[in-house]
Structures are given as structure tokens and as C-alpha cells.
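J.: Contents of start02.cif (mmCIF, C-alpha atoms) are below:
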```cif
data_work
#
loop_
_atom_site.group_PDB
_atom_site.id
_atom_site.type_symbol
_atom_site.label_atom_id
_atom_site.label_comp_id
_atom_site.auth_asym_id
_atom_site.auth_seq_id
_atom_site.Cartn_x
_atom_site.Cartn_y
_atom_site.Cartn_z
ATOM 1 C CA MET B 1 7.117 8.641 5.472
ATOM 2 C CA ALA B 2 8.232 8.297 1.871
ATOM 3 C CA GLY B 3 11.833 8.108 0.686
ATOM 4 C CA ILE B 4 13.788 7.537 -2.487
ATOM 5 C CA LEU B 5 14.009 3.970 -3.765
ATOM 6 C CA LEU B 6 17.319 2.184 -4.102
ATOM 7 C CA ALA B 7 17.648 -0.072 -7.132
ATOM 8 C CA CYS B 8 18.371 -3.736 -6.448
ATOM 9 C CA ALA B 9 19.478 -3.286 -2.854
ATOM 10 C CA SER B 10 19.977 -7.042 -2.475
ATOM 11 C CA CYS B 11 22.330 -7.278 -5.476
ATOM 12 C CA SER B 12 26.047 -6.627 -5.264
ATOM 13 C CA LYS B 13 28.685 -6.337 -7.969
ATOM 14 C CA GLY B 14 29.545 -9.689 -9.482
ATOM 15 C CA SER B 15 26.543 -11.471 -7.926
ATOM 16 C CA ARG B 16 23.467 -13.025 -9.467
ATOM 17 C CA ALA B 17 21.143 -11.327 -11.929
ATOM 18 C CA PRO B 18 18.330 -9.291 -10.359
ATOM 19 C CA SER B 19 15.169 -11.213 -9.515
ATOM 20 C CA PRO B 20 11.852 -10.255 -11.171
ATOM 21 C CA PHE B 21 10.962 -8.504 -7.909
ATOM 22 C CA ASP B 22 14.217 -6.489 -7.977
ATOM 23 C CA GLN B 23 13.575 -5.616 -11.621
ATOM 24 C CA ARG B 24 10.097 -4.285 -10.764
ATOM 25 C CA TRP B 25 11.564 -2.387 -7.801
ATOM 26 C CA SER B 26 14.207 -0.798 -10.065
ATOM 27 C CA SER B 27 11.561 0.073 -12.644
ATOM 28 C CA LEU B 28 9.518 1.895 -9.998
ATOM 29 C CA ALA B 29 12.655 3.738 -8.851
ATOM 30 C CA GLN B 30 13.402 4.843 -12.411
ATOM 31 C CA THR B 31 9.942 6.386 -12.720
ATOM 32 C CA GLY B 32 10.532 8.366 -9.523
ATOM 33 C CA THR B 33 8.059 6.416 -7.399
ATOM 34 C CA GLN B 34 8.740 6.968 -3.714
ATOM 35 C CA ALA B 35 8.699 4.101 -1.229
ATOM 36 C CA PHE B 36 6.669 4.174 1.958
ATOM 37 C CA TYR B 37 8.843 3.303 4.948
ATOM 38 C CA ILE B 38 7.139 1.330 7.703
ATOM 39 C CA GLU B 39 9.155 1.008 10.901
ATOM 40 C CA ASP B 40 8.699 -1.195 13.915
ATOM 41 C CA ASP B 41 7.909 1.172 16.767
ATOM 42 C CA ARG B 42 6.941 -0.974 19.663
ATOM 43 C CA GLY B 43 5.569 2.023 21.563
ATOM 44 C CA GLU B 44 2.519 2.479 19.317
ATOM 45 C CA GLY B 45 -0.647 0.518 19.987
ATOM 46 C CA LEU B 46 -1.383 -2.105 17.327
ATOM 47 C CA MET B 47 -5.146 -2.031 17.667
ATOM 48 C CA GLY B 48 -5.202 1.762 17.422
ATOM 49 C CA ASN B 49 -3.645 1.521 13.953
ATOM 50 C CA VAL B 50 -6.088 -1.139 12.807
ATOM 51 C CA LEU B 51 -9.153 0.656 14.126
ATOM 52 C CA ARG B 52 -8.133 4.047 12.689
ATOM 53 C CA ALA B 53 -7.542 2.538 9.243
ATOM 54 C CA GLN B 54 -10.797 0.548 9.214
ATOM 55 C CA GLN B 55 -12.894 3.397 10.597
ATOM 56 C CA GLY B 56 -11.428 5.773 8.030
ATOM 57 C CA ALA B 57 -12.341 3.465 5.147
ATOM 58 C CA LEU B 58 -15.840 2.768 6.427
ATOM 59 C CA ALA B 59 -16.554 6.407 7.220
ATOM 60 C CA MET B 60 -15.361 7.620 3.824
ATOM 61 C CA ALA B 61 -17.366 5.236 1.657
ATOM 62 C CA PRO B 62 -20.794 6.873 2.172
ATOM 63 C CA ALA B 63 -19.293 10.376 2.029
ATOM 64 C CA LEU B 64 -17.576 9.674 -1.288
ATOM 65 C CA GLU B 65 -20.737 8.177 -2.761
ATOM 66 C CA GLN B 66 -22.872 11.099 -1.530
ATOM 67 C CA SER B 67 -20.477 13.649 -3.019
ATOM 68 C CA PHE B 68 -21.427 12.497 -6.534
ATOM 69 C CA LYS B 69 -25.191 12.208 -6.099
ATOM 70 C CA GLY B 70 -27.627 14.861 -7.113
ATOM 71 C CA GLY B 71 -26.745 15.191 -10.783
ATOM 72 C CA THR B 72 -23.010 15.786 -10.441
ATOM 73 C CA GLN B 73 -21.226 14.071 -13.312
ATOM 74 C CA LEU B 74 -18.500 11.653 -12.363
ATOM 75 C CA PRO B 75 -14.976 12.428 -13.575
ATOM 76 C CA ASP B 76 -13.354 9.961 -15.999
ATOM 77 C CA ALA B 77 -10.768 8.929 -13.386
ATOM 78 C CA PRO B 78 -10.154 9.694 -9.714
ATOM 79 C CA ASN B 79 -8.022 12.748 -9.003
ATOM 80 C CA ASN B 80 -4.423 11.555 -8.516
ATOM 81 C CA ASP B 81 -3.779 13.978 -5.638
ATOM 82 C CA GLU B 82 -6.868 12.705 -3.819
ATOM 83 C CA VAL B 83 -5.785 9.093 -4.386
ATOM 84 C CA GLN B 84 -2.333 9.866 -2.942
ATOM 85 C CA ARG B 85 -3.866 11.622 0.064
ATOM 86 C CA LEU B 86 -6.170 8.696 0.777
ATOM 87 C CA ILE B 87 -3.358 6.151 0.488
ATOM 88 C CA ARG B 88 -1.305 8.099 3.046
ATOM 89 C CA GLN B 89 -4.378 8.160 5.284
ATOM 90 C CA TYR B 90 -4.745 4.372 5.006
ATOM 91 C CA LEU B 91 -1.062 3.614 5.781
ATOM 92 C CA PRO B 92 -1.615 2.965 9.512
ATOM 93 C CA GLY B 93 -3.490 -0.219 8.544
ATOM 94 C CA VAL B 94 -0.481 -1.488 6.576
ATOM 95 C CA LYS B 95 1.787 -0.539 9.444
ATOM 96 C CA SER B 96 -0.405 -2.484 11.862
ATOM 97 C CA CYS B 97 0.211 -5.637 9.811
ATOM 98 C CA TYR B 98 3.963 -5.249 10.162
ATOM 99 C CA LEU B 99 3.734 -4.362 13.860
ATOM 100 C CA HIS B 100 1.645 -7.461 14.503
ATOM 101 C CA MET B 101 4.260 -9.645 12.818
ATOM 102 C CA THR B 102 7.131 -8.088 14.769
ATOM 103 C CA ARG B 103 5.279 -8.418 18.057
ATOM 104 C CA GLU B 104 4.910 -12.111 17.327
ATOM 105 C CA GLY B 105 8.723 -12.312 17.281
ATOM 106 C CA ASP B 106 9.562 -11.938 13.566
ATOM 107 C CA SER B 107 11.435 -8.646 13.217
ATOM 108 C CA ARG B 108 12.852 -9.156 9.735
ATOM 109 C CA SER B 109 13.208 -6.232 7.374
ATOM 110 C CA GLY B 110 12.381 -6.253 3.684
ATOM 111 C CA LYS B 111 10.580 -4.746 0.740
ATOM 112 C CA ALA B 112 7.128 -5.250 -0.771
ATOM 113 C CA ILE B 113 5.361 -3.982 -3.875
ATOM 114 C CA VAL B 114 1.602 -3.554 -3.663
ATOM 115 C CA SER B 115 -0.271 -3.298 -6.984
ATOM 116 C CA PHE B 116 -3.971 -2.746 -7.625
ATOM 117 C CA GLN B 117 -6.543 -0.930 -9.762
ATOM 118 C CA ILE B 118 -9.330 1.370 -8.659
ATOM 119 C CA ALA B 119 -12.713 0.388 -10.098
ATOM 120 C CA GLY B 120 -15.221 3.013 -11.209
ATOM 121 C CA SER B 121 -17.044 2.409 -7.927
ATOM 122 C CA GLY B 122 -13.926 3.509 -6.024
ATOM 123 C CA ARG B 123 -13.261 0.001 -4.717
ATOM 124 C CA VAL B 124 -9.900 -1.768 -4.995
ATOM 125 C CA GLN B 125 -9.653 -4.626 -7.500
ATOM 126 C CA GLY B 126 -6.865 -6.787 -8.961
ATOM 127 C CA LEU B 127 -4.846 -6.525 -5.742
ATOM 128 C CA ASN B 128 -1.408 -8.168 -5.606
ATOM 129 C CA VAL B 129 1.124 -8.024 -2.758
ATOM 130 C CA ASP B 130 4.631 -9.112 -3.799
ATOM 131 C CA ALA B 131 6.821 -9.488 -0.702
ATOM 132 C CA PRO B 132 9.438 -12.221 -1.221
ATOM 133 C CA ALA B 133 11.343 -11.239 1.941
ATOM 134 C CA PHE B 134 8.237 -12.127 3.946
ATOM 135 C CA ASP B 135 7.422 -15.549 2.469
ATOM 136 C CA GLY B 136 6.027 -17.795 5.181
ATOM 137 C CA THR B 137 4.676 -14.886 7.236
ATOM 138 C CA PRO B 138 1.138 -13.503 7.493
ATOM 139 C CA LEU B 139 2.261 -10.048 6.290
ATOM 140 C CA SER B 140 1.012 -10.319 2.683
ATOM 141 C CA SER B 141 -2.412 -11.662 3.639
ATOM 142 C CA CYS B 142 -2.800 -9.024 6.359
ATOM 143 C CA ILE B 143 -1.929 -6.219 3.920
ATOM 144 C CA THR B 144 -4.383 -7.697 1.407
ATOM 145 C CA GLY B 145 -7.075 -7.690 4.087
ATOM 146 C CA GLN B 146 -6.415 -4.028 4.841
ATOM 147 C CA ILE B 147 -6.278 -2.792 1.242
ATOM 148 C CA THR B 148 -9.480 -4.559 0.174
ATOM 149 C CA HIS B 149 -11.300 -2.102 2.484
ATOM 150 C CA TRP B 150 -9.764 1.021 0.966
ATOM 151 C CA VAL B 151 -12.269 3.284 -0.796
ATOM 152 C CA PHE B 152 -11.443 5.962 -3.376
ATOM 153 C CA PRO B 153 -13.607 8.537 -5.150
ATOM 154 C CA PRO B 154 -15.922 6.977 -7.747
ATOM 155 C CA SER B 155 -15.343 7.744 -11.403
ATOM 156 C CA ARG B 156 -16.559 6.596 -14.806
ATOM 157 C CA LYS B 157 -13.453 4.621 -15.802
ATOM 158 C CA GLY B 158 -11.576 4.061 -12.545
ATOM 159 C CA MET B 159 -7.796 4.061 -12.474
ATOM 160 C CA ALA B 160 -5.385 1.661 -14.164
ATOM 161 C CA ALA B 161 -2.724 -0.290 -12.327
ATOM 162 C CA ILE B 162 -1.081 1.460 -9.409
ATOM 163 C CA SER B 163 2.069 0.105 -7.747
ATOM 164 C CA TYR B 164 3.427 1.200 -4.386
ATOM 165 C CA PRO B 165 6.741 0.089 -2.924
ATOM 166 C CA PHE B 166 7.051 -0.413 0.823
ATOM 167 C CA VAL B 167 10.191 -0.822 2.915
ATOM 168 C CA PHE B 168 9.640 -2.543 6.265
ATOM 169 C CA VAL B 169 12.385 -1.899 8.808
ATOM 170 C CA GLY B 170 12.664 -4.043 11.945
ATOM 171 C CA THR B 171 14.642 -3.314 15.066
#
```
What does the file become when written as C-alpha cells?
T.:
Amino acid sequence: MAGILLACASCSKGSRAPSPFDQRWSSLAQTGTQAFYIEDDRGEGLMGNVLRAQQGALAMAPALEQSFKGGTQLPDAPNNDEVQRLIRQYLPGVKSCYLHMTREGDSRSGKAIVSFQIAGSGRVQGLNVDAPAFDGTPLSSCITGQITHWVFPPSRKGMAAISYPFVFVGT
């Protein structure tokens, strides 16, 4: 589920200057970027999320490649609506990372910004997960592991930097 971003939620009047992370978060909010909210729902099966996300990525790769064979010219860049649809489809994998962490006893809440580019092949490159609230946890490396398997439609030029804010809410 996506919601509206709040600028510098960790800052209060008269307190310190915003961190670089908070500045990036505010910048995304000013452009109208919506955050994905990931909640800890202990009733959902962790492995179901992981398997659905991985199977979706693996199943889509050949289909996306086949769709542009047979003389069809590749577009300059992937269609933004298709990219958004695919990201929403891949979200269960990101959620599984957070659920795993909370089931291990760490139910902290916080924000993360995930940035990457889409190569002409449709593969993710230049991936960065910025999650200062989760330093010392496996969350960032788990999210990185999930996103490296995401596949998007191939294109001639790919897509420049994309940034997505996430809000993780523990119980």
C-alpha cells in the first residue's frame, strides 16, 4: 500500500539539522513520490512471500525477452506504468525481508530509500539501499538480494535512477 510521504519525520522544531537521508526523503516527498508501507503481520507466511516474489521474477524473465523477439523494435526506455506495476508485484519479497527480521525479535520501525537503474536488458543495476534506522540488521542485504532478481521489460537505453521510499512499521 502506498501513502503520502512526511518530510523529516524524525526532526522536530528547534532540533538538529536534517540528515542527508532526511533530505533525500524530503526531496522525494516534494516530487510527489509515494512511499510503500510494509507492515509486520505475523499471520502471513514468510516463505510464501519469498517464493511468490522469486517465482514471479524468474517466470517473467523469459516472457519479457520473448515479447521483443521476432523483429519487434525495442522501445528507448521501459514503459513507466509497466515498471510501476512490476514493482508492486515484487513487493512481497521486500516485505518478506522485514517479516523475517521481526520474527527474529527485532520489531523496530523505520524508513528506507531504495535506488537503482534499469539496464537495457531489463536487469537491475547500481542498486543502493539506504536504511539508517536498520543499521546492524540484515534488512538492507536481504532487500538487496530480492531486488537483484527483479526483471523489467528490455529497452534500448534502460531507465535512469529510480528511488523508492519504504516505511516499515513494527508492532
J.: Can you tell me which residues surround stretch 76-84 of chain B at a distance of at most 7 Å, considering only C-alpha atoms, apart from same-chain residues fewer than 3 positions away, and format the answer as a list of chain:residue names?
T.: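 Neighbouring residues, sequence-local ones excluded: B:Ile87, B:Arg88, B:Phe152, B:Pro153, B:Pro154, B:Ser155, B:Arg156, B:Lys157, B:Gly158, B:Met159.
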J.: Nearest to B:Ser19: which of B:Pro138, B:Pro132, B:Gly93, B:Gly145 is it, counting only C-alpha atoms?
T.: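 Using only C-alpha atoms, B:Ser19 sits closest to B:Pro132.
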J.: Using all atoms listed in the file for the distances, tell me which of B:Thr137, B:Ser115, B:Thr148, B:Ser121 is nearest to B:Trp25.
T.: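 Ranked by minimum distance to B:Trp25, first place goes to B:Ser115.
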J.: Between atom CA of B:Gln34 and atom CA of B:Leu139, what is the spacing in Å?
T.: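 These two atoms are separated by 20.8 Å.
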J.: What is the atom CA of B:Asp106 to atom CA of B:Ser26 distance in Å?
T.: 26.5 Å
J.: Output as AutoDock Vina command-line options the centre and edge lengths (Å, one decimal) of the box along x, y and z of the file that holds every listed atom of stretch 17-28 of chain B after adding 5 Å on each side.
T.:
```
--center_x 15.3 --center_y -4.7 --center_z -10.2 --size_x 21.6 --size_y 23.2 --size_z 14.8
```
J.: Measure the distance from atom CA of B:Asp40 to atom CA of B:Pro20 in Å and round it to one decimal.
T.: 26.9 Å
J.: With the file shown as input, list the residues that the PyMOL selection byres ((chain B and resi 129) around 6) selects, as a ChimeraX atom specification.
T.: /B:113-114,128,130,140
J.: Residues within 10 Å of (4.0, 1.6, 9.3), file coordinates, counting all atoms listed in the file: what are they? Give the list as a count of residues only.
T.: 21
J.: Just say which residues the PyMOL selection byres ((chain B and resi 116) around 7) picks in this file, as an MDAnalysis selection string.
T.: chainID B and resid 114:115 117:118 124:128 161:163
J.: From the options B:Pro75, B:Pro165, B:Gly122, B:Gly110, which residue's atoms come nearest to B:Phe134, counting all atoms listed in the file?
T.: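 Once distances to B:Phe134 are computed over all atoms listed in the file, the minimum belongs to B:Gly110.
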J.: Given the choices B:Met101, B:Ala160, B:Ala29, B:Ala17, which gets closest to B:Ser141 if the distance is worked out from all atoms listed in the file?
T.: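 Result for the nearest residue to B:Ser141: B:Met101.
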J.: Counting all atoms listed in the file, which residue out of B:Ser109, B:Gly136, B:His149, B:His100 sits closest to B:Arg123?
T.: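 Of all the options, B:His149 lies closest to B:Arg123.
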J.: Considering all atoms listed in the file, state which residue in the set B:Thr171, B:Gln30, B:Thr144, B:Gln23 is at the smallest distance from B:Thr102.
T.: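 Closest candidate: B:Thr171.
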J.: Could you model N, CA and C atoms for stretch 109-135 of chain B and present them as a PDB file, keeping the file's coordinate frame?
T.:
```
ATOM      1  N   SER B 109      13.416  -7.406   8.216  1.00  0.00           N
ATOM      2  CA  SER B 109      13.208  -6.232   7.374  1.00  0.00           C
ATOM      3  C   SER B 109      13.099  -6.698   5.933  1.00  0.00           C
ATOM      4  N   GLY B 110      12.485  -5.892   5.093  1.00  0.00           N
ATOM      5  CA  GLY B 110      12.381  -6.253   3.684  1.00  0.00           C
ATOM      6  C   GLY B 110      11.514  -5.286   2.917  1.00  0.00           C
ATOM      7  N   LYS B 111      11.351  -5.610   1.639  1.00  0.00           N
ATOM      8  CA  LYS B 111      10.580  -4.746   0.740  1.00  0.00           C
ATOM      9  C   LYS B 111       9.347  -5.490   0.242  1.00  0.00           C
ATOM     10  N   ALA B 112       8.345  -4.705  -0.166  1.00  0.00           N
ATOM     11  CA  ALA B 112       7.128  -5.250  -0.771  1.00  0.00           C
ATOM     12  C   ALA B 112       6.653  -4.272  -1.838  1.00  0.00           C
ATOM     13  N   ILE B 113       6.007  -4.813  -2.862  1.00  0.00           N
ATOM     14  CA  ILE B 113       5.361  -3.982  -3.875  1.00  0.00           C
ATOM     15  C   ILE B 113       3.884  -4.354  -3.883  1.00  0.00           C
ATOM     16  N   VAL B 114       3.045  -3.362  -3.668  1.00  0.00           N
ATOM     17  CA  VAL B 114       1.602  -3.554  -3.663  1.00  0.00           C
ATOM     18  C   VAL B 114       1.054  -2.949  -4.958  1.00  0.00           C
ATOM     19  N   SER B 115       0.308  -3.761  -5.720  1.00  0.00           N
ATOM     20  CA  SER B 115      -0.271  -3.298  -6.984  1.00  0.00           C
ATOM     21  C   SER B 115      -1.775  -3.538  -6.969  1.00  0.00           C
ATOM     22  N   PHE B 116      -2.518  -2.595  -7.532  1.00  0.00           N
ATOM     23  CA  PHE B 116      -3.971  -2.746  -7.625  1.00  0.00           C
ATOM     24  C   PHE B 116      -4.521  -1.747  -8.631  1.00  0.00           C
ATOM     25  N   GLN B 117      -5.816  -1.895  -8.944  1.00  0.00           N
ATOM     26  CA  GLN B 117      -6.543  -0.930  -9.762  1.00  0.00           C
ATOM     27  C   GLN B 117      -7.679  -0.376  -8.913  1.00  0.00           C
ATOM     28  N   ILE B 118      -8.158   0.794  -9.312  1.00  0.00           N
ATOM     29  CA  ILE B 118      -9.330   1.370  -8.659  1.00  0.00           C
ATOM     30  C   ILE B 118     -10.485   1.268  -9.645  1.00  0.00           C
ATOM     31  N   ALA B 119     -11.527   0.550  -9.253  1.00  0.00           N
ATOM     32  CA  ALA B 119     -12.713   0.388 -10.098  1.00  0.00           C
ATOM     33  C   ALA B 119     -13.479   1.705 -10.154  1.00  0.00           C
ATOM     34  N   GLY B 120     -14.381   1.823 -11.092  1.00  0.00           N
ATOM     35  CA  GLY B 120     -15.221   3.013 -11.209  1.00  0.00           C
ATOM     36  C   GLY B 120     -16.006   3.295  -9.938  1.00  0.00           C
ATOM     37  N   SER B 121     -16.319   2.254  -9.189  1.00  0.00           N
ATOM     38  CA  SER B 121     -17.044   2.409  -7.927  1.00  0.00           C
ATOM     39  C   SER B 121     -16.176   2.999  -6.823  1.00  0.00           C
ATOM     40  N   GLY B 122     -14.857   3.036  -7.042  1.00  0.00           N
ATOM     41  CA  GLY B 122     -13.926   3.509  -6.024  1.00  0.00           C
ATOM     42  C   GLY B 122     -13.331   2.389  -5.201  1.00  0.00           C
ATOM     43  N   ARG B 123     -13.763   1.169  -5.456  1.00  0.00           N
ATOM     44  CA  ARG B 123     -13.261   0.001  -4.717  1.00  0.00           C
ATOM     45  C   ARG B 123     -11.974  -0.522  -5.352  1.00  0.00           C
ATOM     46  N   VAL B 124     -11.151  -1.173  -4.533  1.00  0.00           N
ATOM     47  CA  VAL B 124      -9.900  -1.768  -4.995  1.00  0.00           C
ATOM     48  C   VAL B 124     -10.209  -3.088  -5.683  1.00  0.00           C
ATOM     49  N   GLN B 125      -9.526  -3.343  -6.805  1.00  0.00           N
ATOM     50  CA  GLN B 125      -9.653  -4.626  -7.500  1.00  0.00           C
ATOM     51  C   GLN B 125      -8.282  -5.024  -8.038  1.00  0.00           C
ATOM     52  N   GLY B 126      -8.112  -6.299  -8.390  1.00  0.00           N
ATOM     53  CA  GLY B 126      -6.865  -6.787  -8.961  1.00  0.00           C
ATOM     54  C   GLY B 126      -5.677  -6.603  -8.036  1.00  0.00           C
ATOM     55  N   LEU B 127      -5.885  -6.765  -6.743  1.00  0.00           N
ATOM     56  CA  LEU B 127      -4.846  -6.525  -5.742  1.00  0.00           C
ATOM     57  C   LEU B 127      -3.796  -7.624  -5.749  1.00  0.00           C
ATOM     58  N   ASN B 128      -2.516  -7.226  -5.708  1.00  0.00           N
ATOM     59  CA  ASN B 128      -1.408  -8.168  -5.606  1.00  0.00           C
ATOM     60  C   ASN B 128      -0.372  -7.593  -4.646  1.00  0.00           C
ATOM     61  N   VAL B 129       0.066  -8.412  -3.692  1.00  0.00           N
ATOM     62  CA  VAL B 129       1.124  -8.024  -2.758  1.00  0.00           C
ATOM     63  C   VAL B 129       2.310  -8.939  -3.030  1.00  0.00           C
ATOM     64  N   ASP B 130       3.410  -8.360  -3.501  1.00  0.00           N
ATOM     65  CA  ASP B 130       4.631  -9.112  -3.799  1.00  0.00           C
ATOM     66  C   ASP B 130       5.654  -8.773  -2.726  1.00  0.00           C
ATOM     67  N   ALA B 131       5.920  -9.718  -1.832  1.00  0.00           N
ATOM     68  CA  ALA B 131       6.821  -9.488  -0.702  1.00  0.00           C
ATOM     69  C   ALA B 131       7.684 -10.717  -0.464  1.00  0.00           C
ATOM     70  N   PRO B 132       8.646 -10.997  -1.357  1.00  0.00           N
ATOM     71  CA  PRO B 132       9.438 -12.221  -1.221  1.00  0.00           C
ATOM     72  C   PRO B 132      10.222 -12.316   0.088  1.00  0.00           C
ATOM     73  N   ALA B 133      10.603 -11.203   0.678  1.00  0.00           N
ATOM     74  CA  ALA B 133      11.343 -11.239   1.941  1.00  0.00           C
ATOM     75  C   ALA B 133      10.469 -11.727   3.095  1.00  0.00           C
ATOM     76  N   PHE B 134       9.158 -11.750   2.879  1.00  0.00           N
ATOM     77  CA  PHE B 134       8.237 -12.127   3.946  1.00  0.00           C
ATOM     78  C   PHE B 134       7.487 -13.425   3.646  1.00  0.00           C
ATOM     79  N   ASP B 135       8.031 -14.238   2.735  1.00  0.00           N
ATOM     80  CA  ASP B 135       7.422 -15.549   2.469  1.00  0.00           C
ATOM     81  C   ASP B 135       7.330 -16.329   3.780  1.00  0.00           C
TER      82      ASP B 135
END
```
